[in-house]
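Structure file upload-v5.pdb (PDB, C-alpha atoms) is printed below.
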```
MODEL        1
ATOM      1  CA  MET B   1     -90.253 -68.773  48.633  1.00  0.00           C
ATOM      2  CA  THR B   2     -91.944 -65.433  48.542  1.00  0.00           C
ATOM      3  CA  ASP B   3     -91.514 -62.947  45.767  1.00  0.00           C
ATOM      4  CA  ALA B   4     -90.955 -60.309  48.420  1.00  0.00           C
ATOM      5  CA  VAL B   5     -87.782 -62.054  49.584  1.00  0.00           C
ATOM      6  CA  GLN B   6     -86.540 -62.480  46.018  1.00  0.00           C
ATOM      7  CA  GLN B   7     -87.228 -58.810  45.358  1.00  0.00           C
ATOM      8  CA  ARG B   8     -85.389 -57.800  48.519  1.00  0.00           C
ATOM      9  CA  ILE B   9     -82.377 -59.892  47.505  1.00  0.00           C
ATOM     10  CA  ALA B  10     -82.464 -58.390  44.009  1.00  0.00           C
ATOM     11  CA  ASP B  11     -82.507 -54.903  45.518  1.00  0.00           C
ATOM     12  CA  ILE B  12     -79.495 -55.677  47.723  1.00  0.00           C
ATOM     13  CA  VAL B  13     -77.549 -57.212  44.861  1.00  0.00           C
ATOM     14  CA  THR B  14     -78.226 -54.401  42.426  1.00  0.00           C
ATOM     15  CA  GLY B  15     -77.879 -51.656  45.030  1.00  0.00           C
ATOM     16  CA  ASN B  16     -74.304 -52.525  46.027  1.00  0.00           C
ATOM     17  CA  ASP B  17     -71.244 -52.989  43.814  1.00  0.00           C
ATOM     18  CA  VAL B  18     -69.885 -55.879  45.875  1.00  0.00           C
ATOM     19  CA  VAL B  19     -72.091 -57.951  48.166  1.00  0.00           C
ATOM     20  CA  LEU B  20     -71.178 -61.006  50.193  1.00  0.00           C
ATOM     21  CA  PHE B  21     -73.997 -63.126  51.594  1.00  0.00           C
ATOM     22  CA  MET B  22     -72.378 -64.895  54.527  1.00  0.00           C
ATOM     23  CA  LYS B  23     -72.893 -66.586  57.864  1.00  0.00           C
ATOM     24  CA  GLY B  24     -71.999 -64.077  60.544  1.00  0.00           C
ATOM     25  CA  THR B  25     -70.308 -60.735  60.006  1.00  0.00           C
ATOM     26  CA  PRO B  26     -66.904 -59.810  58.566  1.00  0.00           C
ATOM     27  CA  LEU B  27     -65.694 -59.258  62.126  1.00  0.00           C
ATOM     28  CA  PHE B  28     -67.264 -62.452  63.465  1.00  0.00           C
ATOM     29  CA  PRO B  29     -67.746 -64.987  60.670  1.00  0.00           C
ATOM     30  CA  GLN B  30     -69.698 -68.050  61.837  1.00  0.00           C
ATOM     31  CA  CYS B  31     -68.352 -70.506  59.280  1.00  0.00           C
ATOM     32  CA  GLY B  32     -64.935 -71.295  57.836  1.00  0.00           C
ATOM     33  CA  PHE B  33     -66.072 -70.772  54.263  1.00  0.00           C
ATOM     34  CA  SER B  34     -67.525 -67.348  55.045  1.00  0.00           C
ATOM     35  CA  SER B  35     -64.368 -66.461  56.947  1.00  0.00           C
ATOM     36  CA  ARG B  36     -62.266 -67.342  53.927  1.00  0.00           C
ATOM     37  CA  ALA B  37     -64.466 -65.276  51.608  1.00  0.00           C
ATOM     38  CA  VAL B  38     -64.117 -62.233  53.870  1.00  0.00           C
ATOM     39  CA  ALA B  39     -60.350 -62.702  54.056  1.00  0.00           C
ATOM     40  CA  ILE B  40     -60.088 -62.712  50.276  1.00  0.00           C
ATOM     41  CA  LEU B  41     -62.148 -59.527  49.888  1.00  0.00           C
ATOM     42  CA  GLU B  42     -60.193 -57.795  52.628  1.00  0.00           C
ATOM     43  CA  HIS B  43     -56.961 -58.848  51.002  1.00  0.00           C
ATOM     44  CA  LEU B  44     -58.162 -57.364  47.719  1.00  0.00           C
ATOM     45  CA  GLY B  45     -58.950 -54.179  49.600  1.00  0.00           C
ATOM     46  CA  VAL B  46     -62.345 -53.665  47.978  1.00  0.00           C
ATOM     47  CA  ALA B  47     -65.282 -52.057  49.722  1.00  0.00           C
ATOM     48  CA  PHE B  48     -68.080 -54.569  50.165  1.00  0.00           C
ATOM     49  CA  GLU B  49     -71.480 -54.921  51.755  1.00  0.00           C
ATOM     50  CA  SER B  50     -72.184 -58.064  53.740  1.00  0.00           C
ATOM     51  CA  VAL B  51     -75.475 -59.733  54.570  1.00  0.00           C
ATOM     52  CA  ASP B  52     -75.630 -62.095  57.535  1.00  0.00           C
ATOM     53  CA  VAL B  53     -78.036 -64.828  56.444  1.00  0.00           C
ATOM     54  CA  LEU B  54     -78.176 -66.197  59.988  1.00  0.00           C
ATOM     55  CA  GLN B  55     -80.204 -63.112  60.897  1.00  0.00           C
ATOM     56  CA  ASP B  56     -82.851 -63.808  58.275  1.00  0.00           C
ATOM     57  CA  GLN B  57     -84.156 -67.297  57.469  1.00  0.00           C
ATOM     58  CA  GLY B  58     -86.017 -65.955  54.431  1.00  0.00           C
ATOM     59  CA  VAL B  59     -82.846 -64.619  52.888  1.00  0.00           C
ATOM     60  CA  ARG B  60     -80.891 -67.695  53.981  1.00  0.00           C
ATOM     61  CA  GLN B  61     -83.138 -69.945  51.885  1.00  0.00           C
ATOM     62  CA  GLY B  62     -84.059 -67.346  49.282  1.00  0.00           C
ATOM     63  CA  ILE B  63     -80.492 -66.600  48.246  1.00  0.00           C
ATOM     64  CA  LYS B  64     -80.030 -70.240  47.239  1.00  0.00           C
ATOM     65  CA  ALA B  65     -82.971 -70.055  44.855  1.00  0.00           C
ATOM     66  CA  PHE B  66     -81.962 -66.599  43.666  1.00  0.00           C
ATOM     67  CA  SER B  67     -78.631 -67.819  42.317  1.00  0.00           C
ATOM     68  CA  ASP B  68     -79.451 -71.517  41.878  1.00  0.00           C
ATOM     69  CA  TRP B  69     -76.512 -72.151  44.180  1.00  0.00           C
ATOM     70  CA  PRO B  70     -76.880 -74.382  47.261  1.00  0.00           C
ATOM     71  CA  THR B  71     -74.272 -72.928  49.583  1.00  0.00           C
ATOM     72  CA  ILE B  72     -73.256 -69.789  51.439  1.00  0.00           C
ATOM     73  CA  PRO B  73     -71.141 -67.616  51.171  1.00  0.00           C
ATOM     74  CA  GLN B  74     -72.084 -66.139  47.818  1.00  0.00           C
ATOM     75  CA  LEU B  75     -70.341 -63.218  46.157  1.00  0.00           C
ATOM     76  CA  TYR B  76     -72.036 -60.764  43.801  1.00  0.00           C
ATOM     77  CA  VAL B  77     -70.263 -58.057  41.848  1.00  0.00           C
ATOM     78  CA  LYS B  78     -72.283 -55.399  40.018  1.00  0.00           C
ATOM     79  CA  GLY B  79     -75.392 -57.520  40.250  1.00  0.00           C
ATOM     80  CA  GLU B  80     -73.773 -60.679  38.880  1.00  0.00           C
ATOM     81  CA  PHE B  81     -73.279 -63.889  40.849  1.00  0.00           C
ATOM     82  CA  VAL B  82     -69.552 -64.659  40.906  1.00  0.00           C
ATOM     83  CA  GLY B  83     -69.411 -67.828  43.002  1.00  0.00           C
ATOM     84  CA  GLY B  84     -68.837 -69.298  46.422  1.00  0.00           C
ATOM     85  CA  SER B  85     -65.661 -69.309  48.489  1.00  0.00           C
ATOM     86  CA  ASP B  86     -63.938 -72.066  46.495  1.00  0.00           C
ATOM     87  CA  ILE B  87     -64.441 -70.183  43.244  1.00  0.00           C
ATOM     88  CA  MET B  88     -63.357 -66.948  44.926  1.00  0.00           C
ATOM     89  CA  MET B  89     -60.145 -68.645  46.052  1.00  0.00           C
ATOM     90  CA  GLU B  90     -59.458 -70.140  42.626  1.00  0.00           C
ATOM     91  CA  MET B  91     -60.086 -66.801  40.944  1.00  0.00           C
ATOM     92  CA  TYR B  92     -57.982 -64.981  43.490  1.00  0.00           C
ATOM     93  CA  GLU B  93     -55.048 -67.345  43.014  1.00  0.00           C
ATOM     94  CA  ALA B  94     -55.329 -66.948  39.245  1.00  0.00           C
ATOM     95  CA  GLY B  95     -55.466 -63.155  39.536  1.00  0.00           C
ATOM     96  CA  GLU B  96     -58.943 -63.204  38.004  1.00  0.00           C
ATOM     97  CA  LEU B  97     -60.789 -61.760  40.972  1.00  0.00           C
ATOM     98  CA  GLN B  98     -58.482 -58.745  41.062  1.00  0.00           C
ATOM     99  CA  GLN B  99     -59.056 -58.350  37.312  1.00  0.00           C
ATOM    100  CA  LEU B 100     -62.823 -58.618  37.697  1.00  0.00           C
ATOM    101  CA  MET B 101     -62.868 -55.902  40.365  1.00  0.00           C
ATOM    102  CA  ALA B 102     -60.668 -53.674  38.217  1.00  0.00           C
ATOM    103  CA  ASP B 103     -62.748 -54.292  35.081  1.00  0.00           C
ATOM    104  CA  GLN B 104     -65.927 -53.513  36.980  1.00  0.00           C
ATOM    105  CA  GLY B 105     -64.433 -50.349  38.428  1.00  0.00           C
ATOM    106  CA  VAL B 106     -65.053 -51.432  42.014  1.00  0.00           C
ATOM    107  CA  ALA B 107     -63.913 -48.936  44.615  1.00  0.00           C
ATOM    108  CA  SER B 108     -61.223 -49.802  47.124  1.00  0.00           C
ATOM    109  CA  ALA B 109     -62.051 -49.948  50.822  1.00  0.00           C
ATOM    110  CA  ASN B 110     -60.101 -46.851  51.811  1.00  0.00           C
TER     111      ASN B 110
ATOM    112  CA  MET X   1     -71.928 -88.989  54.478  1.00  0.00           C
ATOM    113  CA  ALA X   2     -69.100 -91.349  53.481  1.00  0.00           C
ATOM    114  CA  ALA X   3     -66.381 -90.252  51.070  1.00  0.00           C
ATOM    115  CA  ASP X   4     -67.086 -93.214  48.768  1.00  0.00           C
ATOM    116  CA  GLU X   5     -70.723 -92.284  48.564  1.00  0.00           C
ATOM    117  CA  ILE X   6     -69.864 -88.718  47.514  1.00  0.00           C
ATOM    118  CA  ALA X   7     -67.449 -89.937  44.839  1.00  0.00           C
ATOM    119  CA  GLU X   8     -69.960 -92.491  43.516  1.00  0.00           C
ATOM    120  CA  MET X   9     -72.725 -89.921  43.171  1.00  0.00           C
ATOM    121  CA  ILE X  10     -70.454 -87.571  41.262  1.00  0.00           C
ATOM    122  CA  ARG X  11     -69.209 -90.324  38.940  1.00  0.00           C
ATOM    123  CA  ALA X  12     -72.743 -91.551  38.328  1.00  0.00           C
ATOM    124  CA  ALA X  13     -73.801 -88.125  37.065  1.00  0.00           C
ATOM    125  CA  ILE X  14     -70.529 -87.134  35.385  1.00  0.00           C
ATOM    126  CA  PRO X  15     -69.197 -90.422  33.950  1.00  0.00           C
ATOM    127  CA  ASP X  16     -65.908 -88.988  32.667  1.00  0.00           C
ATOM    128  CA  ALA X  17     -65.065 -87.403  36.023  1.00  0.00           C
ATOM    129  CA  GLU X  18     -61.977 -88.228  37.977  1.00  0.00           C
ATOM    130  CA  VAL X  19     -62.931 -87.682  41.585  1.00  0.00           C
ATOM    131  CA  GLU X  20     -60.579 -87.308  44.492  1.00  0.00           C
ATOM    132  CA  ILE X  21     -62.057 -86.936  47.978  1.00  0.00           C
ATOM    133  CA  THR X  22     -60.037 -85.902  50.999  1.00  0.00           C
ATOM    134  CA  ASP X  23     -61.428 -86.193  54.507  1.00  0.00           C
ATOM    135  CA  LEU X  24     -60.035 -82.918  55.854  1.00  0.00           C
ATOM    136  CA  ALA X  25     -60.637 -83.409  59.531  1.00  0.00           C
ATOM    137  CA  GLY X  26     -60.850 -87.188  59.670  1.00  0.00           C
ATOM    138  CA  ASP X  27     -64.349 -86.866  61.069  1.00  0.00           C
ATOM    139  CA  GLY X  28     -66.389 -87.957  58.059  1.00  0.00           C
ATOM    140  CA  ASP X  29     -67.917 -84.505  57.888  1.00  0.00           C
ATOM    141  CA  HIS X  30     -65.419 -82.094  56.366  1.00  0.00           C
ATOM    142  CA  TYR X  31     -64.353 -83.030  52.869  1.00  0.00           C
ATOM    143  CA  ALA X  32     -62.470 -81.592  49.967  1.00  0.00           C
ATOM    144  CA  ALA X  33     -63.382 -82.858  46.511  1.00  0.00           C
ATOM    145  CA  ARG X  34     -61.417 -82.359  43.348  1.00  0.00           C
ATOM    146  CA  VAL X  35     -63.344 -83.205  40.207  1.00  0.00           C
ATOM    147  CA  VAL X  36     -61.596 -83.267  36.847  1.00  0.00           C
ATOM    148  CA  ALA X  37     -63.679 -83.913  33.746  1.00  0.00           C
ATOM    149  CA  GLU X  38     -63.266 -83.381  30.028  1.00  0.00           C
ATOM    150  CA  SER X  39     -66.969 -82.585  29.864  1.00  0.00           C
ATOM    151  CA  PHE X  40     -66.259 -79.441  31.930  1.00  0.00           C
ATOM    152  CA  ARG X  41     -64.348 -77.938  29.020  1.00  0.00           C
ATOM    153  CA  GLY X  42     -65.841 -74.653  27.913  1.00  0.00           C
ATOM    154  CA  LEU X  43     -67.955 -74.309  31.057  1.00  0.00           C
ATOM    155  CA  SER X  44     -67.478 -71.477  33.541  1.00  0.00           C
ATOM    156  CA  ARG X  45     -66.340 -72.333  37.067  1.00  0.00           C
ATOM    157  CA  VAL X  46     -69.849 -71.660  38.295  1.00  0.00           C
ATOM    158  CA  ALA X  47     -71.311 -74.042  35.692  1.00  0.00           C
ATOM    159  CA  GLN X  48     -68.737 -76.729  36.557  1.00  0.00           C
ATOM    160  CA  GLN X  49     -69.543 -76.538  40.243  1.00  0.00           C
ATOM    161  CA  ARG X  50     -73.275 -76.478  39.549  1.00  0.00           C
ATOM    162  CA  ALA X  51     -72.846 -79.770  37.671  1.00  0.00           C
ATOM    163  CA  VAL X  52     -71.197 -81.327  40.734  1.00  0.00           C
ATOM    164  CA  TYR X  53     -73.843 -79.911  43.061  1.00  0.00           C
ATOM    165  CA  ALA X  54     -76.540 -81.319  40.773  1.00  0.00           C
ATOM    166  CA  ALA X  55     -74.808 -84.710  40.941  1.00  0.00           C
ATOM    167  CA  LEU X  56     -75.092 -84.580  44.712  1.00  0.00           C
ATOM    168  CA  GLY X  57     -78.827 -84.137  44.347  1.00  0.00           C
ATOM    169  CA  GLY X  58     -79.609 -81.491  46.913  1.00  0.00           C
ATOM    170  CA  ARG X  59     -77.344 -82.865  49.643  1.00  0.00           C
ATOM    171  CA  MET X  60     -75.007 -79.924  49.248  1.00  0.00           C
ATOM    172  CA  GLY X  61     -75.839 -77.281  51.787  1.00  0.00           C
ATOM    173  CA  GLY X  62     -77.847 -79.917  53.628  1.00  0.00           C
ATOM    174  CA  VAL X  63     -76.236 -83.070  55.007  1.00  0.00           C
ATOM    175  CA  LEU X  64     -73.103 -82.062  53.170  1.00  0.00           C
ATOM    176  CA  HIS X  65     -72.182 -78.763  54.728  1.00  0.00           C
ATOM    177  CA  ALA X  66     -68.438 -78.754  54.546  1.00  0.00           C
ATOM    178  CA  LEU X  67     -67.364 -79.762  51.081  1.00  0.00           C
ATOM    179  CA  GLN X  68     -64.556 -77.737  49.621  1.00  0.00           C
ATOM    180  CA  LEU X  69     -64.877 -78.126  45.881  1.00  0.00           C
ATOM    181  CA  THR X  70     -62.351 -77.725  43.102  1.00  0.00           C
ATOM    182  CA  THR X  71     -63.216 -78.424  39.486  1.00  0.00           C
ATOM    183  CA  ALA X  72     -60.966 -78.540  36.458  1.00  0.00           C
ATOM    184  CA  VAL X  73     -60.548 -79.905  32.954  1.00  0.00           C
ATOM    185  CA  PRO X  74     -57.745 -82.407  32.295  1.00  0.00           C
ATOM    186  CA  ASN X  75     -54.431 -80.935  31.173  1.00  0.00           C
TER     187      ASN X  75
ENDMDL
END
```
Just give me the structure as structure tokens.
Amino acid sequence: MTDAVQQRIADIVTGNDVVLFMKGTPLFPQCGFSSRAVAILEHLGVAFESVDVLQDQGVRQGIKAFSDWPTIPQLYVKGEFVGGSDIMMEMYEAGELQQLMADQGVASAN
Amino acid sequence: MAADEIAEMIRAAIPDAEVEITDLAGDGDHYAARVVAESFRGLSRVAQQRAVYAALGGRMGGVLHALQLTTAVPN
């Protein structure tokens, strides 16, 4: 793990209100869990940045150390790690993800 | 990885856990796990799931790719 990768991840996470590290792209997710995460964010209608970890092995491994979380996708809001797709789904169903976005003043996608 | 093996590892690390494993696709590769434990009380969802991931000792994201995970405290 290089510090450069960790710094790059930190820059991405702090430079965007909502970031999803995923496998594939929102249009072409390469994994069911990533697909579900995208669907939730799109349903919420929030603007988000996505990072395709399949395009960068450094980030793919580095993001796991960054958050101490072993799986992808990973959602970050305002620099804070929120969780993976299971937690996103639980929070969404409980109305908590909507609340978090509202509390954080996250912009809508349109 | 067998369903029993997953459940055993979780119970070994979180003794008060009730663990329910569902083989989603019937292929021994795509599982859903529901873990309910009193010891989760007061922990965030992230902390609860981290405890389960720790119980699986690094297999998560490795040999265990497709594990849908739900954690909760008993009602």
Practice task
Starting from chain X, keep only residues with some atom at most 10 Å from an atom of chain B, counting all atoms listed in the file, and report them as a list in words.
Solution key: Arg45, Val46, Ala47, Gln49, Arg50, Tyr53, Ala54, Gly58, Arg59, Met60, Gly61, Gly62, Leu64, His65, Ala66, Leu67, Gln68, Leu69, Thr70 and Thr71 of chain X
Problem - Residues near stretch 17-29 of chain X, cut-off 12 Å, all atoms listed in the file, skip fewer than 2 positions along chain, as a ChimeraX atom specification - result: /X:1-15,31-41,48,51-52,55,62-74
Edge lengths and centre in Å to one decimal, as lines of an AutoDock Vina configuration file, is what I'm after for the box along x, y and z that holds all listed atoms of stretch 13-32 of chain X once 4 Å is added on each side.
```
center_x = -66.9
center_y = -86.0
center_z = 46.9
size_x = 21.8
size_y = 16.8
size_z = 36.4
```
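From atom CA of B:Val38 back to atom CA of B:Pro26, the distance works out to 6.0 Å.
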Exercise for the section: Work out how far atom CA of B:Gly58 is from atom CA of B:Pro29, in Å to one decimal. Expected result: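 Separation between atom CA of B:Pro29 and atom CA of B:Gly58: 19.3 Å.
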Compile the contact shell of stretch 97-106 of chain B as a short mmCIF file (atom, residue, chain, number, x, y, z; two decimals) with C-alpha atoms, in the frame of the given file: residues with an atom at most 12 Å away, counting only C-alpha atoms, same-chain residues fewer than 2 positions apart removed.
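Wrote part_6.cif, looks like this:
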```
data_model
loop_
_atom_site.label_atom_id
_atom_site.label_comp_id
_atom_site.auth_asym_id
_atom_site.auth_seq_id
_atom_site.Cartn_x
_atom_site.Cartn_y
_atom_site.Cartn_z
CA ASN B 16 -74.30 -52.52 46.03
CA ASP B 17 -71.24 -52.99 43.81
CA VAL B 18 -69.89 -55.88 45.88
CA VAL B 19 -72.09 -57.95 48.17
CA ALA B 37 -64.47 -65.28 51.61
CA ILE B 40 -60.09 -62.71 50.28
CA LEU B 41 -62.15 -59.53 49.89
CA GLU B 42 -60.19 -57.80 52.63
CA HIS B 43 -56.96 -58.85 51.00
CA LEU B 44 -58.16 -57.36 47.72
CA GLY B 45 -58.95 -54.18 49.60
CA VAL B 46 -62.34 -53.66 47.98
CA ALA B 47 -65.28 -52.06 49.72
CA PHE B 48 -68.08 -54.57 50.16
CA LEU B 75 -70.34 -63.22 46.16
CA TYR B 76 -72.04 -60.76 43.80
CA VAL B 77 -70.26 -58.06 41.85
CA LYS B 78 -72.28 -55.40 40.02
CA GLY B 79 -75.39 -57.52 40.25
CA GLU B 80 -73.77 -60.68 38.88
CA VAL B 82 -69.55 -64.66 40.91
CA GLY B 83 -69.41 -67.83 43.00
CA SER B 85 -65.66 -69.31 48.49
CA ILE B 87 -64.44 -70.18 43.24
CA MET B 88 -63.36 -66.95 44.93
CA MET B 89 -60.14 -68.64 46.05
CA GLU B 90 -59.46 -70.14 42.63
CA MET B 91 -60.09 -66.80 40.94
CA TYR B 92 -57.98 -64.98 43.49
CA GLU B 93 -55.05 -67.34 43.01
CA ALA B 94 -55.33 -66.95 39.24
CA GLY B 95 -55.47 -63.16 39.54
CA SER B 108 -61.22 -49.80 47.12
CA ALA B 109 -62.05 -49.95 50.82
CA ASN B 110 -60.10 -46.85 51.81
#
```
